[in-house]
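File shown here: entry-v3.pdb, holding PDB, C-alpha atoms.
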ATOM      1  CA  MET A   1      37.028  18.654  33.897
ATOM      2  CA  SER A   2      38.105  21.977  35.322
ATOM      3  CA  TRP A   3      36.733  25.238  36.514
ATOM      4  CA  GLY A   4      37.009  28.286  34.314
ATOM      5  CA  ILE A   5      38.263  31.667  35.513
ATOM      6  CA  LEU A   6      37.549  34.559  33.222
ATOM      7  CA  PHE A   7      39.471  37.771  33.868
ATOM      8  CA  ALA A   8      37.647  40.848  32.554
ATOM      9  CA  GLU A   9      40.244  43.578  32.652
ATOM     10  CA  GLY A  10      42.582  45.694  30.637
ATOM     11  CA  SER A  11      42.096  48.087  27.743
ATOM     12  CA  GLU A  12      41.834  45.264  25.240
ATOM     13  CA  GLN A  13      41.066  41.589  25.067
ATOM     14  CA  HIS A  14      43.911  39.231  25.865
ATOM     15  CA  ILE A  15      43.794  35.476  26.231
ATOM     16  CA  MET A  16      46.018  33.881  28.848
ATOM     17  CA  LYS A  17      46.443  30.141  28.513
ATOM     18  CA  ASP A  18      47.254  28.091  31.558
ATOM     19  CA  LYS A  19      47.337  24.437  32.443
ATOM     20  CA  HIS A  20      44.016  24.623  34.282
ATOM     21  CA  GLN A  21      41.717  26.510  31.961
ATOM     22  CA  PRO A  22      41.907  29.280  29.352
ATOM     23  CA  ALA A  23      41.554  32.628  31.096
ATOM     24  CA  TYR A  24      40.018  35.477  29.136
ATOM     25  CA  ILE A  25      40.942  39.062  29.912
ATOM     26  CA  LEU A  26      38.349  41.553  28.712
ATOM     27  CA  SER A  27      38.169  45.323  28.806
ATOM     28  CA  ARG A  28      35.158  47.010  30.358
ATOM     29  CA  SER A  29      33.984  47.788  26.850
ATOM     30  CA  ALA A  30      34.312  44.101  25.969
ATOM     31  CA  ALA A  31      32.177  43.219  28.999
ATOM     32  CA  GLU A  32      29.613  45.756  27.829
ATOM     33  CA  LYS A  33      29.654  44.188  24.374
ATOM     34  CA  LEU A  34      28.973  40.824  25.957
ATOM     35  CA  LEU A  35      26.059  42.391  27.811
ATOM     36  CA  GLN A  36      24.547  43.457  24.504
ATOM     37  CA  ASP A  37      24.509  39.907  23.208
ATOM     38  CA  GLY A  38      24.279  37.967  26.476
ATOM     39  CA  PHE A  39      26.916  36.430  28.693
ATOM     40  CA  PRO A  40      27.786  32.754  28.404
ATOM     41  CA  ARG A  41      25.703  30.608  30.710
ATOM     42  CA  ASN A  42      26.821  29.800  34.240
ATOM     43  CA  THR A  43      28.924  32.952  34.528
ATOM     44  CA  PHE A  44      29.595  34.758  37.797
ATOM     45  CA  VAL A  45      30.684  38.403  37.642
ATOM     46  CA  ILE A  46      32.684  40.395  40.194
ATOM     47  CA  SER A  47      32.280  44.055  39.315
ATOM     48  CA  PHE A  48      34.471  46.669  41.022
ATOM     49  CA  TYR A  49      33.578  50.341  40.726
ATOM     50  CA  ASP A  50      34.420  53.610  42.466
ATOM     51  CA  PRO A  51      32.200  54.712  45.377
ATOM     52  CA  PRO A  52      30.906  58.307  45.253
ATOM     53  CA  SER A  53      33.842  60.683  45.720
ATOM     54  CA  LYS A  54      33.656  62.917  48.796
ATOM     55  CA  ARG A  55      36.223  65.195  47.174
ATOM     56  CA  THR A  56      34.594  65.765  43.790
ATOM     57  CA  GLY A  57      31.093  64.397  44.216
ATOM     58  CA  GLN A  58      31.684  62.252  41.136
ATOM     59  CA  VAL A  59      29.581  59.104  40.975
ATOM     60  CA  SER A  60      30.834  56.055  39.091
ATOM     61  CA  GLN A  61      28.526  53.295  37.952
ATOM     62  CA  PRO A  62      29.421  49.704  37.087
ATOM     63  CA  PRO A  63      28.164  48.135  33.885
ATOM     64  CA  ASP A  64      24.459  47.369  34.118
ATOM     65  CA  TYR A  65      24.161  43.598  34.393
ATOM     66  CA  SER A  66      20.463  43.697  35.304
ATOM     67  CA  GLY A  67      18.294  41.311  33.373
ATOM     68  CA  MET A  68      21.266  39.193  32.343
ATOM     69  CA  PRO A  69      21.863  35.555  33.344
ATOM     70  CA  PRO A  70      25.116  36.152  35.261
ATOM     71  CA  ASP A  71      25.163  36.245  39.027
ATOM     72  CA  VAL A  72      26.838  39.537  39.920
ATOM     73  CA  PHE A  73      28.684  40.687  43.030
ATOM     74  CA  TYR A  74      29.136  44.476  42.986
ATOM     75  CA  VAL A  75      32.005  45.959  44.998
ATOM     76  CA  PRO A  76      32.114  49.754  45.442
ATOM     77  CA  LEU A  77      35.779  50.195  46.311
ATOM     78  CA  HIS A  78      38.381  52.938  46.009
ATOM     79  CA  ASP A  79      41.515  51.908  44.130
ATOM     80  CA  ILE A  80      43.967  53.208  46.721
ATOM     81  CA  ASP A  81      47.100  52.147  48.572
ATOM     82  CA  LEU A  82      47.727  51.542  52.252
ATOM     83  CA  GLU A  83      49.584  54.845  52.600
ATOM     84  CA  ILE A  84      46.541  56.993  51.819
ATOM     85  CA  LEU A  85      43.748  55.067  53.526
ATOM     86  CA  GLU A  86      43.456  57.731  56.224
ATOM     87  CA  GLU A  87      42.843  60.412  53.604
ATOM     88  CA  TYR A  88      39.679  58.515  52.715
ATOM     89  CA  GLY A  89      38.657  58.024  56.335
ATOM     90  CA  LEU A  90      39.547  54.339  56.149
ATOM     91  CA  SER A  91      41.837  51.873  57.886
ATOM     92  CA  TYR A  92      43.091  48.461  56.843
ATOM     93  CA  ASP A  93      40.265  46.897  58.858
ATOM     94  CA  THR A  94      37.519  49.043  57.329
ATOM     95  CA  TYR A  95      38.733  48.900  53.725
ATOM     96  CA  PHE A  96      37.014  46.282  51.519
ATOM     97  CA  PRO A  97      34.496  45.007  54.106
ATOM     98  CA  GLU A  98      32.839  42.976  51.341
ATOM     99  CA  ALA A  99      35.815  40.575  51.128
ATOM    100  CA  PRO A 100      34.314  37.759  53.276
ATOM    101  CA  ALA A 101      31.016  37.825  51.386
ATOM    102  CA  LEU A 102      32.903  37.927  48.087
ATOM    103  CA  ALA A 103      34.939  34.893  49.118
ATOM    104  CA  ALA A 104      31.695  32.994  49.785
ATOM    105  CA  PHE A 105      30.396  34.118  46.370
ATOM    106  CA  ILE A 106      33.546  32.768  44.713
ATOM    107  CA  TYR A 107      33.224  29.426  46.489
ATOM    108  CA  ASP A 108      29.568  29.232  45.463
ATOM    109  CA  ALA A 109      30.616  29.852  41.857
ATOM    110  CA  MET A 110      33.075  26.984  42.144
ATOM    111  CA  GLU A 111      30.495  24.682  43.635
ATOM    112  CA  ASN A 112      28.256  25.418  40.665
ATOM    113  CA  GLY A 113      31.043  24.818  38.146
ATOM    114  CA  GLY A 114      30.832  28.450  37.096
ATOM    115  CA  ASN A 115      33.085  30.775  35.177
ATOM    116  CA  ILE A 116      34.222  33.904  36.993
ATOM    117  CA  VAL A 117      34.608  37.315  35.390
ATOM    118  CA  CYS A 118      36.606  39.907  37.350
ATOM    119  CA  GLN A 119      35.816  43.365  35.995
ATOM    120  CA  CYS A 120      36.776  46.887  36.972
ATOM    121  CA  GLU A 121      37.004  50.259  35.280
ATOM    122  CA  TYR A 122      40.440  49.993  33.732
ATOM    123  CA  GLY A 123      41.219  46.381  34.492
ATOM    124  CA  GLN A 124      44.704  46.912  35.792
ATOM    125  CA  SER A 125      44.398  47.069  39.560
ATOM    126  CA  ARG A 126      41.343  45.928  41.521
ATOM    127  CA  SER A 127      40.167  43.239  39.124
ATOM    128  CA  ALA A 128      43.742  42.066  38.547
ATOM    129  CA  ALA A 129      44.198  41.748  42.302
ATOM    130  CA  CYS A 130      40.948  39.830  42.594
ATOM    131  CA  ALA A 131      41.987  37.433  39.837
ATOM    132  CA  ALA A 132      45.438  37.017  41.403
ATOM    133  CA  ALA A 133      43.921  36.176  44.793
ATOM    134  CA  ILE A 134      41.678  33.547  43.191
ATOM    135  CA  ARG A 135      44.547  31.988  41.269
ATOM    136  CA  GLU A 136      46.828  32.002  44.298
ATOM    137  CA  HIS A 137      44.228  30.509  46.608
ATOM    138  CA  PHE A 138      43.142  27.689  44.324
ATOM    139  CA  TYR A 139      46.191  27.083  42.142
ATOM    140  CA  GLY A 140      49.134  28.754  43.892
ATOM    141  CA  GLU A 141      49.769  30.824  40.754
ATOM    142  CA  GLY A 142      48.798  34.385  41.656
ATOM    143  CA  ILE A 143      52.325  35.542  40.920
ATOM    144  CA  GLU A 144      51.659  35.064  37.207
ATOM    145  CA  ILE A 145      49.323  38.054  37.212
ATOM    146  CA  PHE A 146      51.727  40.154  39.280
ATOM    147  CA  ALA A 147      54.451  39.296  36.779
ATOM    148  CA  ASN A 148      52.326  40.308  33.777
ATOM    149  CA  TYR A 149      53.299  43.820  32.655
ATOM    150  CA  ARG A 150      49.690  44.662  31.742
ATOM    151  CA  TYR A 151      48.518  44.598  35.353
ATOM    152  CA  TYR A 152      49.186  46.504  38.550
ATOM    153  CA  PRO A 153      47.257  44.478  41.145
ATOM    154  CA  ASN A 154      46.053  46.457  44.138
ATOM    155  CA  GLN A 155      47.912  45.011  47.126
ATOM    156  CA  LEU A 156      45.118  45.780  49.591
ATOM    157  CA  VAL A 157      42.503  44.035  47.471
ATOM    158  CA  TYR A 158      44.786  41.052  46.907
ATOM    159  CA  ASN A 159      45.728  40.565  50.561
ATOM    160  CA  LYS A 160      42.238  41.071  51.955
ATOM    161  CA  LEU A 161      40.556  38.779  49.432
ATOM    162  CA  LYS A 162      43.250  36.109  49.744
ATOM    163  CA  ALA A 163      42.800  36.119  53.530
ATOM    164  CA  ALA A 164      39.025  35.954  53.109
ATOM    165  CA  LEU A 165      39.301  33.013  50.708
ATOM    166  CA  ASP A 166      41.571  31.183  53.145
ATOM    167  CA  ALA A 167      39.069  31.807  55.945
ATOM    168  CA  GLU A 168      36.171  30.664  53.759
ATOM    169  CA  MET A 169      38.022  27.442  52.961
ATOM    170  CA  LEU A 170      38.429  26.758  56.667
ATOM    171  CA  ARG A 171      34.787  27.635  57.292
ATOM    172  CA  ARG A 172      33.724  25.073  54.716
ATOM    173  CA  ASP A 173      36.340  22.592  55.976
ATOM    174  CA  GLY A 174      38.021  22.722  52.565
ATOM    175  CA  ASP A 175      36.145  19.650  51.329
ATOM    176  CA  GLY A 176      33.536  18.936  48.698
ATOM    177  CA  TYR A 177      34.117  21.907  46.424
ATOM    178  CA  GLY A 178      35.403  20.386  43.199
ATOM    179  CA  LEU A 179      36.694  22.491  40.351
ATOM    180  CA  ARG A 180      34.239  21.462  37.692
ATOM    181  CA  GLN A 181      33.122  22.696  34.344
ATOM    182  CA  THR A 182      31.748  20.521  31.599
ATOM    183  CA  ALA A 183      33.483  20.418  28.247
ATOM    184  CA  GLY A 184      30.312  21.837  26.686
ATOM    185  CA  ASP A 185      30.285  24.820  29.006
ATOM    186  CA  THR A 186      33.984  25.447  28.330
ATOM    187  CA  ALA A 187      33.491  25.326  24.576
ATOM    188  CA  GLU A 188      30.480  27.643  24.701
ATOM    189  CA  THR A 189      32.292  30.155  26.875
ATOM    190  CA  GLU A 190      35.404  30.139  24.673
ATOM    191  CA  LYS A 191      33.369  30.559  21.484
ATOM    192  CA  SER A 192      31.309  33.408  22.948
ATOM    193  CA  ILE A 193      34.275  35.319  24.329
ATOM    194  CA  GLN A 194      36.584  34.822  21.365
ATOM    195  CA  SER A 195      33.901  35.934  18.920
ATOM    196  CA  ARG A 196      34.185  39.432  20.355
ATOM    197  CA  GLN A 197      37.602  40.852  19.525
ATOM    198  CA  VAL A 198      36.962  44.140  21.273
ATOM    199  CA  LEU A 199      39.559  46.892  21.509
ATOM    200  CA  ASP A 200      39.020  50.213  23.262
TER
END
Show the structure stored in the file as structure tokens.
Amino acid sequence: MSWGILFAEGSEQHIMKDKHQPAYILSRSAAEKLLQDGFPRNTFVISFYDPPSKRTGQVSQPPDYSGMPPDVFYVPLHDIDLEILEEYGLSYDTYFPEAPALAAFIYDAMENGGNIVCQCEYGQSRSAACAAAIREHFYGEGIEIFANYRYYPNQLVYNKLKAALDAEMLRRDGDGYGLRQTAGDTAETEKSIQSRQVLD
């Protein structure tokens, strides 16, 4: 038995196999297609989207997961680097304040044997960093996402979430949170995701 991590990112669907669990990489449009038909059961979604822009007034919205079975954690977060935080009125300490709560959400997903979908607008930066932090924390394999040419993980997101996951592990004493998913859940998830060969 193992815990599934689903990566919802990129401009097209890719399937990454690993020794722990198949990991599915979906575009935003693929996630929206899944919303039309219903997500697989016991799925937890992390949805990154841009906060309202003070420069342009542009407002970005995440996919609408309302009314769907997945538990969703929305993260309004600029996809920016350390060098330009001040231009957005932010510092390292004030950027991504949701990280500790997100780490608890991820651990709750694990405790429930859930699949995790990391989703952002283009699927190359914030969601890739989130997925890398999860893989590094639990499996020590975050580098695999950094090494994949399709992704450009946001370093701030990665470092802040990784630190938050480490702190959450200590808070929970690191015990009693098995990586579980039944074979039936795995098969259902794989069938549902693979049935949607979505390209942007």
**Message:** One decimal, in Å: what's the spacing between atom CA of Gly113 of chain A and atom CA of Glu144 of chain A?
**Reply:** 23.0 Å
Counting only C-alpha atoms, which residues of segment 106-190 of chain A fall within 10 Å of segment 49-62 of chain A, and what is the closest atom pair for each with its distance in Å at one decimal, ordered by chain and rising number, as a Markdown table?
| residue | atom | partner | partner_atom | distance |
| --- | --- | --- | --- | --- |
| A:Gln119 | CA | A:Tyr49 | CA | 8.7 |
| A:Cys120 | CA | A:Tyr49 | CA | 6.0 |
| A:Glu121 | CA | A:Tyr49 | CA | 6.4 |
| A:Tyr122 | CA | A:Tyr49 | CA | 9.8 |
| A:Arg126 | CA | A:Tyr49 | CA | 9.0 |
| A:Ser127 | CA | A:Tyr49 | CA | 9.8 |
**Message:** What's the separation between atom CA of Phe48 of chain A and atom CA of Leu156 of chain A, in Å to one decimal place?
**Reply:** 13.7 Å
**Message:** Under the rule that only C-alpha atoms are counted, which of A:Ala164, A:Val157, A:Met169, A:Ile84 is the nearest residue to Leu102 of chain A?
**Reply:**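 Of A:Ala164, A:Val157, A:Met169, A:Ile84, the one nearest Leu102 of chain A is A:Ala164, counting only C-alpha atoms.
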**Asked** Smallest atom-to-atom distance to Asn148 of chain A: which of A:Asp37, A:Ile134, A:Ala167, A:Gln124, using all atoms listed in the file?
**Response**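 Looking at the shortest contact to Asn148 of chain A, the residue is A:Gln124.
If you measure from each of A:Phe73, A:Tyr152, A:Phe39, A:Tyr88 to Ala132 of chain A using all atoms listed in the file, the closest one turns out to be A:Tyr152.
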**the PyMOL selection byres ((chain A and resi 133) around 8) applied to the shown file, residues as a list in words** =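 Applied to this file, the PyMOL selection byres ((chain A and resi 133) around 8) returns Ala129, Cys130, Ala131, Ala132, Ile134, Arg135, Glu136, His137, Gly142, Tyr158, Asn159, Leu161 and Lys162 of chain A.
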**Request:** Give the answer as one residue: which of A:Arg41, A:Glu168, A:Lys160, A:Val75 has the shortest atom-to-atom distance to Thr94 of chain A, using all atoms listed in the file?
**Result:** A:Lys160
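The space between atom CA of Ala163 of chain A and atom CA of Phe105 of chain A spans 14.5 Å.
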**Asked** Could you tell me, as a list of chain:residue names, which residues have any atom at most 7 Å from (24.7, 45.1, 30.3), counting only C-alpha atoms?
**Response**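 Residues satisfying the cut-off, written out: A:Glu32, A:Leu35, A:Gln36, A:Pro63, A:Asp64, A:Tyr65, A:Ser66.
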**Request:** Quick one: apply the PyMOL selection byres ((chain A and resi 81) around 9) to the file and drop the selected residues here as a list in words.
**Result:** Asp79, Ile80, Leu82, Glu83, Ile84, Leu85, Asn154, Gln155 and Leu156 of chain A
**Residue nearest Arg28 of chain A - candidates A:Tyr149, A:Asp173, A:Gly123, A:Val117, atoms counted: all atoms listed in the file** =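 Smallest distance to Arg28 of chain A is found for A:Gly123.
Taking only C-alpha atoms into account, Ala103 of chain A lies nearest to A:Leu165 out of the set A:Leu165, A:Cys118, A:Pro40, A:Met68.
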